[in-house]
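K.L.:
Sharing a structure with you now.
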Amino acid sequence: MTKVNEYLKKIQSKVAAKDDGQPEYLQAIDEFLPTIEPFLEKNPDIVASNVLEELLEPERIVQFRVPWQDDQGNWQVNRGFRVQYNSALGPYKGGLRFHPTVNQSVMKFLAFEQIFKNCLTGLPIGGGKGGSDFDPKEKSDEEIMRFCQSFMMELQRHIGADMDIPAGDIGVGGREIGYLFGMYKKLNGYQAGVLTGKPLAYWGSQARTEATGYGLVYFVEHLLQDKKTSLTGKKIQVSGSGNVAIYAMEKCQQLGAKVYTCSDSSGYIYDENGIDVKWVKEIKEVRRARISTYVDKYPKAKYVSGQSVWTIKADFDIALPCATQNEISAELAEILVANGVKVVAEGANMPSSLAAVKVFEENDLYYCPGKAANAGGVAVSALEMAQNSQRAQWSFEQVDEELNKIMKNIYETCRDTAYDYGIPMNILAGANIASFEKVARAMISQGLV
Ligand code: NDP
Ligand code: 2IT
């Protein structure tokens, strides 16, 4: 074992001992640490500084009680979180997730990934994440409003336009951001820049709704162009049917690819004629209904209840997981490989298990990790902050063009960094090394704080 390898193992076991019982967080760390080994070998000053161990400790974690009243007058209580992980490159920035599976482990893995993702955008933002184990499903608008107001009553004391800027994630979209913003304003006065993903009327950014999905597809298009091909005619498999999935499907179709699948937590749709994205928008954004109702309009499409979309055995070129963490196990990854998939690009955060990533690497797929491929959402959030500071609102075309440039830059940074370390097309290692170097050097230059 080399000295660096020994050092990494020591750090890994320290974190494992301290954060025992946080499997998602430990998974993110286990995925990260081995990939930076070649960088540490060449940069002994970073090892000597022990900045890595400092980086693995979140700067601050806030946990709080969120009491709210349901429509029947019952008192309900949920748990709220904000993980302010790292501010070396700017104020904490990252989404809020409302989902029953939210706990400290999930919040920490998301915040950890966010540090490196935000760094890759090249914009001045640190890493954070927050949320609650509140389940927005089947709640009335009034219940959502009361919950968001109570959540913000506490969160407001920890955030600020130059301090920590939340946005959306699973279960948090324009409606929730609106209620959260209203309560923040009541308590602190109007500050446009305290949340991103705001509706356009009160200074949200054009193209923020589309940004994660569009950005994901731009990333894939830049990779394909590099390999002398394009999305035209490609067969695409998508999971999820929320914000990221919808706009990924839309952009794939605009660029000439055909999308056959989408899903929600109840089951999946396989439409041989290609998914009708407008109809999915109607189902999910307007009716807030289940994806099973897709077949009401397209009775020839197949709906399969209770199964993962990744169990489908058919010809596909590209897989875009856009639902949630660990949706692809090693077994499902083997099916993707057998289907002929050549590119896996993650719209979701950590949708592939560690064993699945290993399967992709062993079979020479182009594996594009979430922290690189789904950075478009937070990148446009940072552009929203810039617009809010300027008291200006840019056009859709201007934001979209900037988004595409940022995704190209992220792709090239990952590619070139991997190449420099003798691991060509290891986009995961390229992403981790390039962003770790920048964050670690910023931390060292700011001293032990
Ligand atoms: P949405 O709430 O809009 O949609 C989430 C989708 O994923 C729904 O179809 C949902 O189905 C499905 N899903 C969620 N949890 C589960 C689960 N445990 N099992 C199966 N399916 C599930 O969220 P987003 O589209 O915003 O987020 C999707 C992913 O993209 C997440 O991993 C998020 O962290 C990531 N992401 C989001 C960004 C953004 O800007 N919004 C930016 C970067 C990454 P159902 O409705 O049945 O729950
Ligand atoms: O995972 C993510 O990058 C997001 N949910 C978006 C965060 C943001 O601040 O826009």
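Chain identifiers are assigned as A, B, and so on, following the order in which chains appear in the structure tokens; residues are numbered from 1 within each chain, and ligands are numbered from 1 in order of appearance.
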Got a sec to check which residues lie within 6 Å of ligand 2, using only C-alpha atoms and all ligand atoms, and send them as a list in words?

P.N.:
Lys93, Gly94, Gly95, Pro166, Ala167, Gly168, Asp169, Ala375, Gly377, Val378 and Ser381 of chain A

K.L.:
Give me, as a list in words, all polymer residues having an atom no more than 7 Å from Ala301 of chain A, counting only C-alpha atoms and skipping those fewer than 2 positions away in the same chain.

P.N.:
Ile269, Tyr270, Asp271, Glu272, Val295, Tyr298, Pro299 and Tyr303 of chain A

K.L.:
Output C-alpha atoms for every residue in that selection, as a JSON list (two decimals), in the first residue's frame.

P.N.:
```
[["chain", "number", "residue", "atom", "x", "y", "z"],
["A", 269, "ILE", "CA", -44.43, 3.73, -18.79],
["A", 270, "TYR", "CA", -43.00, 2.23, -21.98],
["A", 271, "ASP", "CA", -44.31, 3.96, -25.09],
["A", 272, "GLU", "CA", -43.09, 2.48, -28.35],
["A", 295, "VAL", "CA", -52.35, 5.35, -20.70],
["A", 298, "TYR", "CA", -52.32, 6.42, -25.01],
["A", 299, "PRO", "CA", -53.94, 3.03, -24.38],
["A", 303, "TYR", "CA", -47.86, 0.77, -17.83]]
```

K.L.:
Between A:Leu383, A:Ala207, A:Val15, A:Leu120, which has the minimum distance to Cys414 of chain A (counting only C-alpha atoms)?

P.N.:
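Among A:Leu383, A:Ala207, A:Val15, A:Leu120, it is A:Leu120 that comes nearest to Cys414 of chain A.
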
K.L.:
Here is a test: counting only C-alpha atoms, which residue of A:Val77, A:Val380, A:Gln446, A:Thr121 is nearest to Thr413 of chain A?

P.N.:
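Of A:Val77, A:Val380, A:Gln446, A:Thr121, the one nearest Thr413 of chain A, counting only C-alpha atoms, is A:Thr121.
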
K.L.:
May I have the residues within 8 Å of segment 335-338 of chain A as a PyMOL selection string, using only C-alpha atoms and disregarding those fewer than 2 positions away in the same chain?

P.N.:
chain A and resi 310-313+316+319+331-333+340-342+360+363

K.L.:
May I ask you to write as a VMD selection string all residues lying at most 7 Å from ligand 1, with only C-alpha atoms and all ligand atoms counted?

P.N.:
chain A and resid 168 to 173 212 240 to 245 263 to 266 290 322 to 325 347 to 349 351 374 to 375 377 to 378

K.L.:
Grab the residues selected above and save them as a CSV table (one decimal), in the first residue's frame with C-alpha atoms.

P.N.:
```csv
chain,number,residue,atom,x,y,z
A,168,GLY,CA,-35.9,23.2,-5.0
A,169,ASP,CA,-35.3,19.5,-5.2
A,170,ILE,CA,-37.6,16.4,-4.9
A,171,GLY,CA,-41.0,17.6,-3.7
A,172,VAL,CA,-40.1,21.3,-3.8
A,173,GLY,CA,-41.0,23.2,-6.9
A,212,THR,CA,-31.3,20.6,-14.9
A,240,GLY,CA,-38.7,9.7,-13.1
A,241,SER,CA,-41.3,12.1,-14.3
A,242,GLY,CA,-40.6,15.1,-12.2
A,243,ASN,CA,-38.9,18.4,-12.9
A,244,VAL,CA,-35.6,16.9,-14.1
A,245,ALA,CA,-37.1,14.0,-16.1
A,263,SER,CA,-41.7,6.5,-14.3
A,264,ASP,CA,-42.7,7.4,-10.8
A,265,SER,CA,-42.5,5.6,-7.6
A,266,SER,CA,-45.5,3.5,-8.4
A,290,ARG,CA,-49.8,9.4,-11.1
A,322,CYS,CA,-33.7,11.2,-13.1
A,323,ALA,CA,-35.6,9.9,-10.1
A,324,THR,CA,-33.7,9.3,-6.9
A,325,GLN,CA,-30.6,7.8,-5.1
A,347,GLY,CA,-30.0,13.7,-13.7
A,348,ALA,CA,-30.7,12.4,-10.2
A,349,ASN,CA,-28.1,12.6,-7.4
A,351,PRO,CA,-28.9,7.1,-8.7
A,374,ASN,CA,-26.9,17.6,-13.4
A,375,ALA,CA,-25.1,20.8,-12.5
A,377,GLY,CA,-29.9,23.4,-12.3
A,378,VAL,CA,-27.7,24.9,-9.7
```

K.L.:
Give me, as a VMD selection string, the residues of segment 65-291 of chain A that a backbone DSSP run labels alpha helix (DSSP H).

P.N.:
chain A and resid 104 to 120 141 to 155 174 to 188 208 to 226 243 to 254 277 to 281

K.L.:
List the spatial neighbours of segment 426-441 of chain A as number ranges by chain - criterion: any atom at most 9 Å away, only C-alpha atoms, same-chain residues fewer than 5 positions off excluded.

P.N.:
A: 32-39, 46, 51-52, 55, 86, 88-89, 115-120, 361, 366-369, 371-372, 410-411, 413-421, 446

K.L.:
Restricting the calculation to only C-alpha atoms, which member of A:Leu110, A:Leu26, A:Val399, A:Val280 is positioned closest to Arg97 of chain A?

P.N.:
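Closest residue, counting only C-alpha atoms: A:Leu110.
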
K.L.:
Go through A:Lys258, A:Lys18, A:Lys10, A:Lys108 one by one, measure the shortest atom-to-atom distance of each to Ile275 of chain A using only C-alpha atoms, and give the residue with the smallest value.

P.N.:
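Result for the nearest residue to Ile275 of chain A: A:Lys258.
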
K.L.:
Write out as a list in words all residues of segment 183-389 of chain A that backbone DSSP assigns to strand (DSSP E).

P.N.:
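Filtering segment 183-389 of chain A down to strand (DSSP E) leaves Lys235, Ile236, Gln237, Val238, Lys258, Val259, Tyr260, Thr261, Cys262, Ser263, Asp264, Gly267, Tyr268, Ile269, Tyr270, Lys302, Tyr303, Val304, Ser305, Ile318, Ala319, Leu320, Val343, Val344, Ala345, Tyr366, Tyr367 and Cys368 of chain A.
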
K.L.:
Could those selected residues go to a file with C-alpha atoms, as a PDB file, in the first residue's frame?

P.N.:
```
ATOM      1  CA  LYS A 235     -32.867   5.606 -28.220  1.00  0.00           C
ATOM      2  CA  ILE A 236     -33.242   7.020 -24.728  1.00  0.00           C
ATOM      3  CA  GLN A 237     -34.457   5.539 -21.474  1.00  0.00           C
ATOM      4  CA  VAL A 238     -35.485   7.957 -18.721  1.00  0.00           C
ATOM      5  CA  LYS A 258     -36.448   9.246 -29.168  1.00  0.00           C
ATOM      6  CA  VAL A 259     -37.477   8.782 -25.516  1.00  0.00           C
ATOM      7  CA  TYR A 260     -39.302   5.532 -24.745  1.00  0.00           C
ATOM      8  CA  THR A 261     -39.751   5.462 -20.980  1.00  0.00           C
ATOM      9  CA  CYS A 262     -40.460   7.419 -17.824  1.00  0.00           C
ATOM     10  CA  SER A 263     -41.665   6.456 -14.347  1.00  0.00           C
ATOM     11  CA  ASP A 264     -42.702   7.442 -10.848  1.00  0.00           C
ATOM     12  CA  GLY A 267     -44.420   2.122 -11.805  1.00  0.00           C
ATOM     13  CA  TYR A 268     -43.172   2.855 -15.313  1.00  0.00           C
ATOM     14  CA  ILE A 269     -44.430   3.728 -18.795  1.00  0.00           C
ATOM     15  CA  TYR A 270     -43.001   2.232 -21.981  1.00  0.00           C
ATOM     16  CA  LYS A 302     -47.557  -0.037 -21.535  1.00  0.00           C
ATOM     17  CA  TYR A 303     -47.858   0.768 -17.826  1.00  0.00           C
ATOM     18  CA  VAL A 304     -46.165  -1.646 -15.436  1.00  0.00           C
ATOM     19  CA  SER A 305     -46.992  -1.180 -11.788  1.00  0.00           C
ATOM     20  CA  ILE A 318     -28.498   6.191 -23.507  1.00  0.00           C
ATOM     21  CA  ALA A 319     -29.871   5.933 -19.952  1.00  0.00           C
ATOM     22  CA  LEU A 320     -30.845   9.047 -17.994  1.00  0.00           C
ATOM     23  CA  VAL A 343     -23.896   6.362 -21.975  1.00  0.00           C
ATOM     24  CA  VAL A 344     -25.333   6.688 -18.469  1.00  0.00           C
ATOM     25  CA  ALA A 345     -25.810  10.327 -17.461  1.00  0.00           C
ATOM     26  CA  TYR A 366     -19.419   6.505 -20.520  1.00  0.00           C
ATOM     27  CA  TYR A 367     -20.575   7.091 -16.961  1.00  0.00           C
ATOM     28  CA  CYS A 368     -21.464  10.738 -16.273  1.00  0.00           C
TER      29      CYS A 368
END
```

K.L.:
How many Å separate atom CA of Pro321 of chain A from atom CA of Ala355 of chain A?

P.N.:
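Separation between atom CA of Pro321 of chain A and atom CA of Ala355 of chain A: 15.8 Å.
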
K.L.:
So what do you get for atom CA of Trp68 of chain A versus atom CA of Gly204 of chain A, distance-wise?

P.N.:
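Going from atom CA of Trp68 of chain A over to atom CA of Gly204 of chain A, I get 27.3 Å.
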
K.L.:
Nearest to Gln72 of chain A among A:Leu56, A:Asn50, A:Ser140, A:Gly178, with distances taken over only C-alpha atoms: which residue is it?

P.N.:
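Using only C-alpha atoms, Gln72 of chain A sits closest to A:Ser140.
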
K.L.:
Do a neighbour search on segment 388-393 of chain A at 12 Å with only C-alpha atoms, toss out local chain neighbours closer than 6 positions, and write the hits as a ChimeraX atom specification.

P.N.:
/A:161-162,190-207,381-382,399
